[in-house]
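Pasting final_33.txt here (compact mmCIF, N, CA and C atoms):
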# COMPACT_ATOMS: atom_id res chain seq x y z
N ALA N 1 -21.38 22.58 -74.10
CA ALA N 1 -21.54 23.90 -74.68
C ALA N 1 -20.42 24.16 -75.70
N GLU N 2 -19.22 23.72 -75.35
CA GLU N 2 -18.08 23.92 -76.26
C GLU N 2 -18.28 23.16 -77.56
N LEU N 3 -18.76 21.95 -77.45
CA LEU N 3 -19.01 21.12 -78.64
C LEU N 3 -20.10 21.75 -79.51
N ALA N 4 -21.15 22.27 -78.88
CA ALA N 4 -22.22 22.92 -79.63
C ALA N 4 -21.71 24.15 -80.36
N GLU N 5 -20.85 24.90 -79.71
CA GLU N 5 -20.28 26.10 -80.34
C GLU N 5 -19.42 25.73 -81.55
N ARG N 6 -18.63 24.67 -81.42
CA ARG N 6 -17.82 24.23 -82.56
C ARG N 6 -18.70 23.74 -83.71
N ALA N 7 -19.82 23.09 -83.37
CA ALA N 7 -20.75 22.63 -84.41
C ALA N 7 -21.35 23.81 -85.15
N ARG N 8 -21.77 24.83 -84.42
CA ARG N 8 -22.33 26.02 -85.07
C ARG N 8 -21.31 26.72 -85.96
N ALA N 9 -20.06 26.67 -85.56
CA ALA N 9 -18.98 27.31 -86.35
C ALA N 9 -18.46 26.39 -87.45
N ARG N 10 -19.05 25.19 -87.57
CA ARG N 10 -18.64 24.20 -88.58
C ARG N 10 -17.18 23.79 -88.42
N ARG N 11 -16.76 23.60 -87.15
CA ARG N 11 -15.38 23.20 -86.87
C ARG N 11 -15.31 21.87 -86.13
N LEU N 12 -16.28 21.00 -86.31
CA LEU N 12 -16.25 19.69 -85.67
C LEU N 12 -15.36 18.75 -86.48
N GLY N 13 -14.60 17.95 -85.77
CA GLY N 13 -13.79 16.93 -86.41
C GLY N 13 -14.40 15.56 -86.18
N PRO N 14 -13.92 14.53 -86.86
CA PRO N 14 -14.46 13.18 -86.69
C PRO N 14 -14.42 12.70 -85.23
N ALA N 15 -13.39 13.04 -84.49
CA ALA N 15 -13.30 12.61 -83.09
C ALA N 15 -14.38 13.25 -82.24
N ASP N 16 -14.85 14.43 -82.63
CA ASP N 16 -15.90 15.11 -81.89
C ASP N 16 -17.25 14.44 -82.04
N MET N 17 -17.41 13.63 -83.07
CA MET N 17 -18.70 13.00 -83.35
C MET N 17 -18.69 11.51 -83.05
N GLN N 18 -17.86 11.05 -82.17
CA GLN N 18 -17.76 9.64 -81.80
C GLN N 18 -18.40 9.39 -80.44
N GLY N 19 -18.84 8.16 -80.22
CA GLY N 19 -19.30 7.75 -78.90
C GLY N 19 -20.77 7.97 -78.63
N ALA N 20 -21.53 8.38 -79.61
CA ALA N 20 -22.96 8.60 -79.40
C ALA N 20 -23.71 7.28 -79.48
N CYS N 21 -24.94 7.25 -78.95
CA CYS N 21 -25.77 6.06 -79.10
C CYS N 21 -27.02 6.39 -79.92
N PHE N 22 -27.31 7.69 -80.10
CA PHE N 22 -28.48 8.13 -80.87
C PHE N 22 -28.08 9.39 -81.63
N THR N 23 -28.44 9.45 -82.90
CA THR N 23 -28.09 10.59 -83.74
C THR N 23 -29.35 11.17 -84.36
N ILE N 24 -29.35 12.48 -84.55
CA ILE N 24 -30.41 13.15 -85.30
C ILE N 24 -29.76 13.74 -86.55
N SER N 25 -30.35 13.42 -87.69
CA SER N 25 -29.82 13.91 -88.96
C SER N 25 -30.92 14.66 -89.69
N SER N 26 -30.61 15.85 -90.18
CA SER N 26 -31.60 16.65 -90.88
C SER N 26 -31.13 16.91 -92.31
N LEU N 27 -31.96 16.49 -93.25
CA LEU N 27 -31.70 16.80 -94.65
C LEU N 27 -32.71 17.82 -95.17
N GLY N 28 -33.47 18.43 -94.26
CA GLY N 28 -34.48 19.40 -94.64
C GLY N 28 -33.92 20.58 -95.39
N GLY N 29 -32.70 20.96 -95.10
CA GLY N 29 -32.09 22.11 -95.76
C GLY N 29 -31.83 21.90 -97.24
N ILE N 30 -31.77 20.64 -97.66
CA ILE N 30 -31.51 20.38 -99.08
C ILE N 30 -32.72 19.81 -99.79
N GLY N 31 -33.84 19.72 -99.08
CA GLY N 31 -35.09 19.26 -99.70
C GLY N 31 -35.30 17.77 -99.55
N GLY N 32 -36.14 17.24 -100.38
CA GLY N 32 -36.49 15.83 -100.30
C GLY N 32 -37.68 15.62 -99.40
N THR N 33 -38.39 14.53 -99.62
CA THR N 33 -39.59 14.26 -98.83
C THR N 33 -39.36 13.22 -97.74
N ALA N 34 -38.37 12.38 -97.89
CA ALA N 34 -38.05 11.36 -96.89
C ALA N 34 -36.72 10.72 -97.27
N PHE N 35 -36.10 10.07 -96.30
CA PHE N 35 -34.88 9.33 -96.58
C PHE N 35 -34.74 8.24 -95.52
N THR N 36 -33.83 7.33 -95.76
CA THR N 36 -33.58 6.25 -94.81
C THR N 36 -32.23 6.47 -94.17
N PRO N 37 -32.22 6.95 -92.91
CA PRO N 37 -30.94 7.15 -92.24
C PRO N 37 -30.28 5.80 -91.94
N ILE N 38 -28.98 5.76 -92.02
CA ILE N 38 -28.21 4.53 -91.78
C ILE N 38 -27.58 4.59 -90.39
N VAL N 39 -27.77 3.54 -89.62
CA VAL N 39 -27.19 3.44 -88.27
C VAL N 39 -25.71 3.11 -88.40
N ASN N 40 -24.87 3.92 -87.79
CA ASN N 40 -23.43 3.70 -87.79
C ASN N 40 -23.00 3.14 -86.44
N VAL N 41 -22.38 1.96 -86.46
CA VAL N 41 -21.90 1.32 -85.23
C VAL N 41 -20.91 2.25 -84.54
N PRO N 42 -20.94 2.46 -83.25
CA PRO N 42 -21.66 1.74 -82.20
C PRO N 42 -23.02 2.35 -81.86
N GLU N 43 -23.52 3.28 -82.67
CA GLU N 43 -24.83 3.86 -82.40
C GLU N 43 -25.91 2.80 -82.55
N VAL N 44 -27.06 3.03 -81.90
CA VAL N 44 -28.15 2.07 -81.99
C VAL N 44 -29.36 2.63 -82.72
N ALA N 45 -29.41 3.95 -82.94
CA ALA N 45 -30.55 4.53 -83.65
C ALA N 45 -30.18 5.88 -84.25
N ILE N 46 -30.94 6.24 -85.28
CA ILE N 46 -30.78 7.55 -85.90
C ILE N 46 -32.15 8.03 -86.35
N LEU N 47 -32.45 9.28 -86.04
CA LEU N 47 -33.70 9.90 -86.44
C LEU N 47 -33.42 10.87 -87.58
N GLY N 48 -34.10 10.67 -88.69
CA GLY N 48 -33.93 11.55 -89.84
C GLY N 48 -35.10 12.50 -89.96
N LEU N 49 -34.80 13.79 -90.15
CA LEU N 49 -35.83 14.80 -90.36
C LEU N 49 -35.71 15.31 -91.78
N SER N 50 -36.83 15.32 -92.50
CA SER N 50 -36.85 15.82 -93.87
C SER N 50 -37.36 17.25 -93.87
N LYS N 51 -37.64 17.77 -95.03
CA LYS N 51 -38.06 19.17 -95.16
C LYS N 51 -39.50 19.36 -94.67
N LEU N 52 -39.69 20.34 -93.80
CA LEU N 52 -41.02 20.70 -93.34
C LEU N 52 -41.77 21.35 -94.50
N ARG N 53 -43.02 20.95 -94.66
CA ARG N 53 -43.82 21.56 -95.72
C ARG N 53 -45.26 21.71 -95.24
N VAL N 54 -45.98 22.62 -95.84
CA VAL N 54 -47.38 22.85 -95.49
C VAL N 54 -48.23 22.06 -96.47
N GLN N 55 -49.17 21.25 -95.91
CA GLN N 55 -50.03 20.42 -96.73
C GLN N 55 -51.46 20.50 -96.20
N PRO N 56 -52.44 20.23 -97.05
CA PRO N 56 -53.83 20.20 -96.57
C PRO N 56 -54.08 18.94 -95.75
N ARG N 57 -54.76 19.09 -94.63
CA ARG N 57 -55.14 17.96 -93.77
C ARG N 57 -56.61 18.09 -93.42
N TRP N 58 -57.33 16.98 -93.38
CA TRP N 58 -58.74 16.95 -93.02
C TRP N 58 -58.87 17.14 -91.52
N SER N 59 -59.68 18.12 -91.10
CA SER N 59 -59.78 18.46 -89.68
C SER N 59 -60.84 17.65 -88.94
N GLY N 60 -61.72 17.00 -89.66
CA GLY N 60 -62.80 16.27 -89.01
C GLY N 60 -62.63 14.78 -89.10
N GLY N 61 -63.48 14.11 -88.40
CA GLY N 61 -63.48 12.65 -88.43
C GLY N 61 -64.35 12.15 -89.56
N THR N 62 -65.07 11.08 -89.29
CA THR N 62 -65.93 10.48 -90.31
C THR N 62 -67.38 10.90 -90.15
N ASP N 63 -67.70 11.70 -89.13
CA ASP N 63 -69.06 12.16 -88.89
C ASP N 63 -69.44 13.20 -89.94
N PRO N 64 -70.41 12.89 -90.82
CA PRO N 64 -70.77 13.83 -91.89
C PRO N 64 -71.42 15.12 -91.37
N GLY N 65 -71.98 15.11 -90.17
CA GLY N 65 -72.64 16.29 -89.63
C GLY N 65 -71.69 17.23 -88.90
N ALA N 66 -70.46 16.82 -88.69
CA ALA N 66 -69.50 17.64 -87.94
C ALA N 66 -68.95 18.76 -88.81
N ASP N 67 -68.59 19.87 -88.18
CA ASP N 67 -67.93 20.94 -88.91
C ASP N 67 -66.50 20.51 -89.20
N ALA N 68 -66.24 20.24 -90.43
CA ALA N 68 -64.91 19.77 -90.81
C ALA N 68 -64.55 20.38 -92.16
N ALA N 69 -63.28 20.53 -92.35
CA ALA N 69 -62.78 21.11 -93.60
C ALA N 69 -61.30 20.75 -93.73
N PHE N 70 -60.77 21.05 -94.88
CA PHE N 70 -59.34 20.91 -95.05
C PHE N 70 -58.66 22.13 -94.46
N GLU N 71 -57.57 21.92 -93.73
CA GLU N 71 -56.80 23.00 -93.12
C GLU N 71 -55.35 22.87 -93.57
N SER N 72 -54.66 23.99 -93.64
CA SER N 72 -53.22 23.95 -93.92
C SER N 72 -52.50 23.57 -92.65
N ARG N 73 -51.67 22.53 -92.72
CA ARG N 73 -50.93 22.06 -91.56
C ARG N 73 -49.46 21.87 -91.94
N ALA N 74 -48.59 22.19 -91.00
CA ALA N 74 -47.17 21.93 -91.20
C ALA N 74 -46.92 20.44 -90.98
N VAL N 75 -46.21 19.82 -91.92
CA VAL N 75 -45.90 18.39 -91.86
C VAL N 75 -44.39 18.22 -91.89
N LEU N 76 -43.86 17.51 -90.90
CA LEU N 76 -42.43 17.24 -90.83
C LEU N 76 -42.22 15.73 -90.89
N PRO N 77 -41.79 15.21 -92.04
CA PRO N 77 -41.55 13.77 -92.14
C PRO N 77 -40.37 13.33 -91.25
N LEU N 78 -40.60 12.29 -90.47
CA LEU N 78 -39.58 11.70 -89.60
C LEU N 78 -39.29 10.28 -90.07
N SER N 79 -38.03 9.89 -90.03
CA SER N 79 -37.63 8.53 -90.37
C SER N 79 -36.73 8.02 -89.26
N LEU N 80 -37.12 6.93 -88.63
CA LEU N 80 -36.33 6.35 -87.55
C LEU N 80 -35.75 5.02 -87.99
N SER N 81 -34.44 4.90 -87.92
CA SER N 81 -33.76 3.63 -88.17
C SER N 81 -33.10 3.20 -86.87
N TYR N 82 -33.12 1.90 -86.59
CA TYR N 82 -32.56 1.42 -85.32
C TYR N 82 -32.10 -0.02 -85.47
N ASP N 83 -31.23 -0.40 -84.56
CA ASP N 83 -30.68 -1.76 -84.52
C ASP N 83 -31.66 -2.65 -83.75
N HIS N 84 -32.28 -3.59 -84.44
CA HIS N 84 -33.27 -4.46 -83.81
C HIS N 84 -32.67 -5.39 -82.74
N ARG N 85 -31.37 -5.52 -82.72
CA ARG N 85 -30.76 -6.33 -81.67
C ARG N 85 -30.77 -5.61 -80.34
N VAL N 86 -30.97 -4.29 -80.37
CA VAL N 86 -30.93 -3.47 -79.16
C VAL N 86 -32.30 -2.88 -78.84
N ILE N 87 -33.03 -2.48 -79.87
CA ILE N 87 -34.30 -1.78 -79.69
C ILE N 87 -35.44 -2.61 -80.26
N ASP N 88 -36.48 -2.81 -79.45
CA ASP N 88 -37.68 -3.52 -79.87
C ASP N 88 -38.49 -2.61 -80.79
N GLY N 89 -39.04 -3.17 -81.86
CA GLY N 89 -39.80 -2.39 -82.83
C GLY N 89 -40.99 -1.68 -82.22
N ALA N 90 -41.67 -2.31 -81.25
CA ALA N 90 -42.83 -1.68 -80.61
C ALA N 90 -42.40 -0.45 -79.82
N ALA N 91 -41.26 -0.53 -79.14
CA ALA N 91 -40.75 0.63 -78.39
C ALA N 91 -40.38 1.75 -79.35
N ALA N 92 -39.81 1.41 -80.48
CA ALA N 92 -39.46 2.43 -81.48
C ALA N 92 -40.71 3.10 -82.04
N ALA N 93 -41.76 2.32 -82.27
CA ALA N 93 -43.01 2.90 -82.76
C ALA N 93 -43.63 3.82 -81.72
N ARG N 94 -43.60 3.42 -80.45
CA ARG N 94 -44.13 4.29 -79.38
C ARG N 94 -43.32 5.57 -79.28
N PHE N 95 -41.99 5.48 -79.41
CA PHE N 95 -41.14 6.66 -79.37
C PHE N 95 -41.50 7.62 -80.49
N THR N 96 -41.63 7.10 -81.71
CA THR N 96 -41.93 7.94 -82.86
C THR N 96 -43.31 8.59 -82.72
N THR N 97 -44.28 7.84 -82.22
CA THR N 97 -45.62 8.38 -82.00
C THR N 97 -45.59 9.49 -80.96
N ARG N 98 -44.89 9.26 -79.86
CA ARG N 98 -44.79 10.27 -78.80
C ARG N 98 -44.05 11.51 -79.29
N LEU N 99 -42.98 11.33 -80.04
CA LEU N 99 -42.23 12.46 -80.58
C LEU N 99 -43.12 13.29 -81.50
N GLY N 100 -43.90 12.62 -82.35
CA GLY N 100 -44.81 13.34 -83.23
C GLY N 100 -45.84 14.15 -82.46
N ALA N 101 -46.36 13.57 -81.37
CA ALA N 101 -47.33 14.29 -80.54
C ALA N 101 -46.70 15.50 -79.87
N ILE N 102 -45.47 15.35 -79.41
CA ILE N 102 -44.76 16.48 -78.77
C ILE N 102 -44.49 17.58 -79.78
N LEU N 103 -44.05 17.21 -80.98
CA LEU N 103 -43.77 18.22 -81.99
C LEU N 103 -45.04 18.93 -82.46
N ALA N 104 -46.18 18.21 -82.44
CA ALA N 104 -47.45 18.82 -82.85
C ALA N 104 -47.97 19.80 -81.81
N GLN N 105 -47.68 19.56 -80.54
CA GLN N 105 -48.16 20.41 -79.45
C GLN N 105 -47.03 20.66 -78.45
N PRO N 106 -46.00 21.42 -78.81
CA PRO N 106 -44.85 21.59 -77.91
C PRO N 106 -45.20 22.27 -76.59
N ALA N 107 -46.29 23.00 -76.53
CA ALA N 107 -46.70 23.66 -75.28
C ALA N 107 -47.03 22.63 -74.20
N HIS N 108 -47.39 21.42 -74.59
CA HIS N 108 -47.71 20.38 -73.61
C HIS N 108 -46.50 19.99 -72.77
N LEU N 109 -45.29 20.30 -73.25
CA LEU N 109 -44.10 20.01 -72.47
C LEU N 109 -44.03 20.87 -71.21
N LEU N 110 -44.73 21.98 -71.22
CA LEU N 110 -44.70 22.90 -70.08
C LEU N 110 -45.71 22.52 -69.01
N LEU N 111 -46.59 21.57 -69.28
CA LEU N 111 -47.61 21.17 -68.31
C LEU N 111 -47.07 20.22 -67.28
Please, can you express the file's structure as C-alpha cells?
Amino acid sequence: AELAERARARRLGPADMQGACFTISSLGGIGGTAFTPIVNVPEVAILGLSKLRVQPRWSGGTDPGADAAFESRAVLPLSLSYDHRVIDGAAAARFTTRLGAILAQPAHLLL
C-alpha cells in the first residue's frame, strides 16, 4: 500500500522498482496504436497497453441470414514481450488470450 501511494504521488525511486518478474507498462496516455515493450533483466515479461479507442467491429459471423451489423466497440491494444528462455510461447499466447477475454467481460470474474 505504501509503494502504491508513492507511485500515485510520483515519488518512486529506482530502488522501489527493482525485483519484479512481470511489469505492466501503459503508453495510452500519450497515444500511439502499439509498441514493443522491452524486457529488463531480471524480469521475464512485460505487458504493454496502448491507447484505448472505439472502432467498428462486425457483430455477426459468416451466416448471411443472421442479424449482424457493425457495432462500436472499445479496443485496447496489448503487447506482450517475454524471455523465451523462461516462458513458452504457447503459454504466453494463452495468457494473452485469457487476459483479453477477462478485459472484454470483467463481470465474469465475479462468477
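Between CA of Tyr82 (chain N) and CA of Ala4 (chain N) lies a distance of 24.5 Å.
Backbone DSSP assigns strand (DSSP E) in chain N to N:Phe22, N:Thr23, N:Ile24, N:Ser25, N:Ser26, N:Ala45, N:Ile46, N:Leu47, N:Gly48, N:Leu49, N:Arg53, N:Val54, N:Gln55, N:Pro56, N:Arg57, N:Trp58, N:Phe70, N:Glu71, N:Ser72, N:Arg73, N:Ala74, N:Val75, N:Leu78, N:Ser79, N:Leu80, N:Ser81, N:Tyr82.
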Residues at most 12 Å from Arg73 (chain N), counting only C-alpha atoms, excluding those fewer than 2 positions away in the same chain, as a VMD selection string?
-> chain N and resid 52 to 59 70 to 71 75 to 76 104
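For the point (-15.2, 15.2, -77.8) in file coordinates, the residues within 12 Å, using only C-alpha atoms, are Ala1, Glu2, Leu3, Ala4, Arg6, Ala7, Leu12, Gly13, Pro14, Ala15, Asp16, Met17, Gln18, Gly19 and Ala20 of chain N.
Atom pair atom C of Ile30 (chain N) / CA of Pro42 (chain N) has a distance of 27.5 Å (rounded to one decimal).
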Name the residues of chain N that come out as helix (DSSP H, G or I) in a backbone DSSP run; write them as number ranges by chain.
-> N: 2-8, 14-17, 28-30, 89-104, 106-110
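If you look at CA of Ile38 (chain N) and atom N of Ser81 (chain N), they are 7.3 Å away from each other.
The environment of Val44 (chain N) within 8 Å, counting all atoms listed in the file and disregarding residues fewer than 6 places along the same chain, consists of Ala20, Cys21, Phe22, Thr23, Ser81, Tyr82, Asp83, His84, Val86 and Ile87 of chain N.
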